[in-house]
$ cat structure31.json   # JSON, C-alpha atoms
[["chain", "number", "residue", "atom", "x", "y", "z"],
["A", 1, "MET", "CA", -81.69, 51.74, -160.48],
["A", 2, "LYS", "CA", -80.77, 55.25, -161.61],
["A", 3, "PHE", "CA", -80.17, 58.06, -159.12],
["A", 4, "PHE", "CA", -79.15, 61.70, -159.18],
["A", 5, "ALA", "CA", -78.55, 64.39, -156.57],
["A", 6, "GLY", "CA", -79.80, 67.96, -156.51],
["A", 7, "ILE", "CA", -80.53, 71.04, -154.45],
["A", 8, "ILE", "CA", -84.13, 72.17, -153.98],
["A", 9, "PRO", "CA", -84.74, 75.93, -153.72],
["A", 10, "SER", "CA", -86.68, 77.59, -150.91],
["A", 11, "GLU", "CA", -90.43, 77.07, -150.95],
["A", 12, "LYS", "CA", -91.14, 80.56, -152.34],
["A", 13, "ILE", "CA", -88.71, 80.13, -155.25],
["A", 14, "TYR", "CA", -89.78, 76.51, -155.80],
["A", 15, "ASP", "CA", -93.45, 77.53, -156.03],
["A", 16, "GLY", "CA", -92.70, 80.51, -158.29],
["A", 17, "ILE", "CA", -90.62, 78.49, -160.76],
["A", 18, "LEU", "CA", -93.18, 75.68, -160.75],
["A", 19, "GLN", "CA", -96.00, 78.13, -161.51],
["A", 20, "ILE", "CA", -94.05, 79.50, -164.48],
["A", 21, "GLN", "CA", -93.37, 76.00, -165.81],
["A", 22, "ASN", "CA", -96.92, 74.78, -165.33],
["A", 23, "ARG", "CA", -98.34, 77.62, -167.44],
["A", 24, "PHE", "CA", -96.63, 76.10, -170.48],
["A", 25, "GLY", "CA", -96.48, 72.38, -169.90],
["A", 26, "ASP", "CA", -94.92, 69.58, -167.88],
["A", 27, "ASN", "CA", -91.17, 69.77, -167.23],
["A", 28, "ARG", "CA", -91.36, 66.22, -165.83],
["A", 29, "LEU", "CA", -89.39, 67.10, -162.69],
["A", 30, "GLU", "CA", -89.66, 69.56, -159.83],
["A", 31, "PRO", "CA", -87.45, 72.69, -159.75],
["A", 32, "HIS", "CA", -83.93, 71.72, -158.64],
["A", 33, "ILE", "CA", -80.22, 72.29, -159.31],
["A", 34, "THR", "CA", -78.48, 69.08, -160.33],
["A", 35, "ILE", "CA", -75.23, 68.32, -158.51],
["A", 36, "ARG", "CA", -74.70, 64.72, -159.66],
["A", 37, "PRO", "CA", -76.34, 63.90, -163.00],
["A", 38, "PRO", "CA", -78.21, 60.60, -163.37],
["A", 39, "VAL", "CA", -76.16, 57.45, -162.80],
["A", 40, "SER", "CA", -76.68, 53.79, -161.94],
["A", 41, "PRO", "CA", -74.29, 53.29, -159.00],
["A", 42, "LEU", "CA", -72.38, 50.03, -158.74],
["A", 43, "ASN", "CA", -73.13, 50.03, -155.02],
["A", 44, "GLU", "CA", -76.20, 52.11, -154.15],
["A", 45, "GLY", "CA", -75.68, 51.91, -150.37],
["A", 46, "GLN", "CA", -72.08, 53.12, -150.46],
["A", 47, "TRP", "CA", -72.99, 55.78, -153.03],
["A", 48, "LEU", "CA", -75.73, 57.16, -150.75],
["A", 49, "ASN", "CA", -73.54, 56.91, -147.63],
["A", 50, "THR", "CA", -70.85, 58.95, -149.39],
["A", 51, "ILE", "CA", -73.36, 61.73, -150.04],
["A", 52, "ILE", "CA", -74.61, 61.54, -146.43],
["A", 53, "LYS", "CA", -71.04, 61.82, -145.05],
["A", 54, "THR", "CA", -70.14, 64.67, -147.40],
["A", 55, "ALA", "CA", -73.33, 66.60, -146.53],
["A", 56, "ALA", "CA", -72.73, 66.14, -142.80],
["A", 57, "ASN", "CA", -69.47, 68.07, -143.08],
["A", 58, "LEU", "CA", -70.99, 71.06, -144.87],
["A", 59, "LYS", "CA", -73.05, 73.94, -143.55],
["A", 60, "PRO", "CA", -76.09, 75.35, -145.34],
["A", 61, "PHE", "CA", -75.00, 77.88, -147.95],
["A", 62, "ALA", "CA", -76.32, 80.72, -150.09],
["A", 63, "VAL", "CA", -77.37, 80.25, -153.70],
["A", 64, "GLU", "CA", -78.01, 83.11, -156.11],
["A", 65, "LEU", "CA", -80.29, 82.85, -159.12],
["A", 66, "ALA", "CA", -78.54, 85.15, -161.57],
["A", 67, "GLY", "CA", -80.82, 85.35, -164.61],
["A", 68, "THR", "CA", -81.94, 83.20, -167.49],
["A", 69, "GLY", "CA", -79.90, 81.37, -170.11],
["A", 70, "ASN", "CA", -80.20, 78.53, -172.55],
["A", 71, "PHE", "CA", -78.42, 75.51, -173.94],
["A", 72, "GLY", "CA", -78.93, 76.16, -177.63],
["A", 73, "LYS", "CA", -82.59, 75.92, -178.55],
["A", 74, "ARG", "CA", -83.12, 72.79, -176.43],
["A", 75, "VAL", "CA", -83.18, 74.05, -172.83],
["A", 76, "LEU", "CA", -84.16, 77.25, -171.02],
["A", 77, "PHE", "CA", -82.79, 77.66, -167.50],
["A", 78, "VAL", "CA", -82.11, 80.00, -164.59],
["A", 79, "SER", "CA", -78.37, 80.54, -164.03],
["A", 80, "VAL", "CA", -76.98, 79.79, -160.58],
["A", 81, "ASN", "CA", -74.07, 81.41, -158.76],
["A", 82, "SER", "CA", -72.72, 79.81, -155.59],
["A", 83, "ASP", "CA", -69.10, 79.11, -154.75],
["A", 84, "PRO", "CA", -70.12, 76.66, -151.98],
["A", 85, "LEU", "CA", -72.30, 74.77, -154.47],
["A", 86, "THR", "CA", -69.32, 74.43, -156.82],
["A", 87, "GLU", "CA", -67.17, 73.30, -153.88],
["A", 88, "LEU", "CA", -69.80, 70.69, -152.99],
["A", 89, "TYR", "CA", -69.68, 69.39, -156.55],
["A", 90, "HIS", "CA", -65.87, 69.16, -156.45],
["A", 91, "LEU", "CA", -65.97, 67.32, -153.11],
["A", 92, "LEU", "CA", -68.72, 64.94, -154.10],
["A", 93, "MET", "CA", -67.74, 63.85, -157.58],
["A", 94, "PRO", "CA", -64.34, 62.28, -156.77],
["A", 95, "ALA", "CA", -65.83, 60.60, -153.68],
["A", 96, "LEU", "CA", -68.70, 59.06, -155.70],
["A", 97, "LYS", "CA", -66.54, 58.03, -158.63],
["A", 98, "ILE", "CA", -65.42, 54.73, -157.08],
["A", 99, "PHE", "CA", -69.05, 53.59, -156.74],
["A", 100, "GLU", "CA", -70.01, 54.40, -160.34],
["A", 101, "PRO", "CA", -69.31, 52.88, -163.77],
["A", 102, "LYS", "CA", -66.29, 54.51, -165.44],
["A", 103, "GLU", "CA", -68.32, 55.68, -168.44],
["A", 104, "ALA", "CA", -70.72, 57.55, -166.12],
["A", 105, "ASN", "CA", -68.04, 60.01, -165.09],
["A", 106, "LYS", "CA", -67.63, 61.43, -168.60],
["A", 107, "ASP", "CA", -71.10, 62.98, -168.34],
["A", 108, "ALA", "CA", -70.30, 64.61, -165.03],
["A", 109, "GLU", "CA", -66.97, 66.27, -165.81],
["A", 110, "ARG", "CA", -68.46, 69.68, -166.60],
["A", 111, "PHE", "CA", -70.46, 71.52, -163.97],
["A", 112, "HIS", "CA", -72.80, 74.27, -165.12],
["A", 113, "PRO", "CA", -75.12, 74.92, -162.18],
["A", 114, "HIS", "CA", -78.60, 75.87, -163.33],
["A", 115, "MET", "CA", -82.29, 75.33, -162.66],
["A", 116, "THR", "CA", -84.10, 74.10, -165.77],
["A", 117, "LEU", "CA", -87.26, 75.99, -166.72],
["A", 118, "GLY", "CA", -88.16, 73.97, -169.80],
["A", 119, "ARG", "CA", -86.86, 71.46, -172.32],
["A", 120, "VAL", "CA", -87.89, 71.01, -175.94],
["A", 121, "TRP", "CA", -88.20, 67.23, -175.53],
["A", 122, "CYS", "CA", -90.84, 67.86, -172.84],
["A", 123, "GLY", "CA", -92.96, 69.71, -175.39],
["A", 124, "PHE", "CA", -92.00, 73.33, -174.72],
["A", 125, "THR", "CA", -91.91, 75.50, -177.85],
["A", 126, "THR", "CA", -89.76, 78.47, -178.85],
["A", 127, "GLU", "CA", -92.70, 80.73, -178.06],
["A", 128, "ASP", "CA", -93.08, 79.08, -174.64],
["A", 129, "PHE", "CA", -89.38, 79.71, -173.97],
["A", 130, "LYS", "CA", -89.77, 83.38, -174.89],
["A", 131, "ASN", "CA", -92.71, 83.80, -172.52],
["A", 132, "MET", "CA", -91.13, 81.70, -169.75],
["A", 133, "LYS", "CA", -87.94, 83.74, -169.97],
["A", 134, "GLN", "CA", -89.88, 86.98, -169.53],
["A", 135, "LEU", "CA", -91.86, 85.61, -166.57],
["A", 136, "ALA", "CA", -88.71, 84.21, -164.94],
["A", 137, "GLU", "CA", -86.85, 87.51, -165.31],
["A", 138, "GLU", "CA", -89.81, 89.33, -163.74],
["A", 139, "PHE", "CA", -89.94, 86.78, -160.91],
["A", 140, "LEU", "CA", -86.21, 87.16, -160.22],
["A", 141, "SER", "CA", -86.42, 90.97, -160.33],
["A", 142, "GLU", "CA", -89.06, 90.86, -157.57],
["A", 143, "GLY", "CA", -86.44, 89.82, -155.02],
["A", 144, "ASN", "CA", -86.50, 86.10, -155.66],
["A", 145, "ARG", "CA", -82.80, 85.70, -156.37],
["A", 146, "PHE", "CA", -81.40, 84.18, -153.18],
["A", 147, "PHE", "CA", -82.08, 81.14, -151.05],
["A", 148, "GLU", "CA", -80.22, 79.00, -148.57],
["A", 149, "ALA", "CA", -79.43, 75.41, -149.59],
["A", 150, "ARG", "CA", -80.15, 73.26, -146.54],
["A", 151, "SER", "CA", -80.12, 69.74, -147.95],
["A", 152, "ILE", "CA", -79.31, 67.51, -150.89],
["A", 153, "ARG", "CA", -82.25, 65.71, -152.45],
["A", 154, "ILE", "CA", -81.63, 62.28, -153.92],
["A", 155, "TYR", "CA", -83.90, 61.25, -156.78],
["A", 156, "HIS", "CA", -84.39, 57.77, -158.13],
["A", 157, "LYS", "CA", -86.02, 56.24, -161.16],
["A", 158, "PRO", "CA", -87.54, 52.95, -160.02],
["A", 159, "ASN", "CA", -88.92, 52.20, -163.48],
["A", 160, "PRO", "CA", -86.68, 52.74, -166.55],
["A", 161, "ARG", "CA", -89.63, 54.21, -168.46],
["A", 162, "GLY", "CA", -90.95, 56.22, -165.51],
["A", 163, "ARG", "CA", -90.08, 59.60, -164.07],
["A", 164, "TYR", "CA", -87.50, 60.48, -161.46],
["A", 165, "GLN", "CA", -89.02, 60.75, -158.01],
["A", 166, "PRO", "CA", -87.74, 62.23, -154.75],
["A", 167, "TYR", "CA", -86.07, 59.43, -152.78],
["A", 168, "LYS", "CA", -84.30, 60.96, -149.78],
["A", 169, "ASP", "CA", -83.42, 64.41, -148.40],
["A", 170, "ILE", "CA", -79.99, 64.60, -146.79],
["A", 171, "PRO", "CA", -79.51, 67.62, -144.51],
["A", 172, "LEU", "CA", -76.36, 69.70, -144.72],
["A", 173, "GLY", "CA", -74.48, 69.83, -141.42],
["A", 174, "GLY", "CA", -75.78, 66.44, -140.31]]

$ encode --input "structure31.json" --output "structure tokens"
Amino acid sequence: MKFFAGIIPSEKIYDGILQIQNRFGDNRLEPHITIRPPVSPLNEGQWLNTIIKTAANLKPFAVELAGTGNFGKRVLFVSVNSDPLTELYHLLMPALKIFEPKEANKDAERFHPHMTLGRVWCGFTTEDFKNMKQLAEEFLSEGNRFFEARSIRIYHKPNPRGRYQPYKDIPLGG
């Protein structure tokens, strides 16, 4: 089974980003910041326990949404700034590595924290991106730039052709 780990924004930011997305289509996944991209762990139990132990040793931390950006013409996103988030990534990745296939770690070597607004393969158009970008910038300028990360959400994909679904929330600080 495939899993990935992410951070969910506060309810106000979550709802605002979701409303922007839903005006233009289906992004296929709730608003989140990916920490560990999708992987099929060799040992799911040990993989999850490693995340639980890592999270227990960390306190909730601040995350800043810094503006919009894009990956070419394929993806529109909200940029994320958070030194503790980057530290979490650098703690987690080496610890998870031993429970994952070697080839899976190539995909996870670069960390570019972001919250996806839309992806071309989900049906969003260039015009949608233009309008989403404007709405997102307005939303951020209204004081919706900061939230406190309080947990790590684990997602799983029980069916290879299905969608990722929330699986487990792991609180920071135990």

$ closest_residue --input "structure31.json" --among "A:Ser79, A:Pro60, A:Leu135, A:Glu142" --to "Gln19 (chain A)" --atoms "only C-alpha atoms"
A:Leu135

$ atom_distance --input "structure31.json" --atom1 "CA of Asp169 (chain A)" --atom2 "CA of Glu87 (chain A)"
19.3 Å

$ residues_around --input "structure31.json" --residues "region 156-166 of chain A" --least-positions-apart "3" --cutoff "10 Å" --atoms "only C-alpha atoms" --output "ChimeraX atom specification"
/A:1-6,28-30,38-40,153,169

$ atom_distance --input "structure31.json" --atom1 "CA of Phe147 (chain A)" --atom2 "CA of Glu11 (chain A)"
9.3 Å

$ atom_distance --input "structure31.json" --atom1 "CA of Thr116 (chain A)" --atom2 "CA of Ser141 (chain A)"
17.9 Å

$ decode --input "structure31.json" --residues "region 68-80 of chain A" --atoms "N, CA and C atoms" --output "short mmCIF file (atom, residue, chain, number, x, y, z; two decimals), in the first residue's frame"
data_model
loop_
_atom_site.label_atom_id
_atom_site.label_comp_id
_atom_site.auth_asym_id
_atom_site.auth_seq_id
_atom_site.Cartn_x
_atom_site.Cartn_y
_atom_site.Cartn_z
N THR A 68 2.29 32.84 -3.97
CA THR A 68 2.05 31.78 -4.93
C THR A 68 3.27 31.55 -5.81
N GLY A 69 3.33 30.38 -6.39
CA GLY A 69 4.40 30.01 -7.32
C GLY A 69 3.91 28.89 -8.20
N ASN A 70 4.77 28.42 -9.07
CA ASN A 70 4.37 27.33 -9.95
C ASN A 70 5.58 26.47 -10.32
N PHE A 71 5.26 25.24 -10.67
CA PHE A 71 6.23 24.32 -11.24
C PHE A 71 5.91 24.29 -12.73
N GLY A 72 6.61 25.10 -13.49
CA GLY A 72 6.33 25.20 -14.92
C GLY A 72 4.89 25.58 -15.14
N LYS A 73 4.27 24.94 -16.11
CA LYS A 73 2.85 25.19 -16.40
C LYS A 73 1.97 24.09 -15.85
N ARG A 74 2.59 23.16 -15.07
CA ARG A 74 1.88 21.97 -14.60
C ARG A 74 1.18 22.15 -13.25
N VAL A 75 1.79 22.95 -12.35
CA VAL A 75 1.31 23.02 -10.97
C VAL A 75 1.34 24.46 -10.47
N LEU A 76 0.25 24.87 -9.83
CA LEU A 76 0.18 26.16 -9.13
C LEU A 76 0.15 25.85 -7.64
N PHE A 77 0.93 26.59 -6.85
CA PHE A 77 1.00 26.30 -5.42
C PHE A 77 1.16 27.56 -4.59
N VAL A 78 1.00 27.40 -3.28
CA VAL A 78 1.31 28.44 -2.30
C VAL A 78 2.65 28.06 -1.69
N SER A 79 3.60 28.99 -1.72
CA SER A 79 4.93 28.76 -1.14
C SER A 79 4.84 28.72 0.38
N VAL A 80 5.73 27.93 0.97
CA VAL A 80 5.74 27.75 2.43
C VAL A 80 7.12 28.07 2.97
#
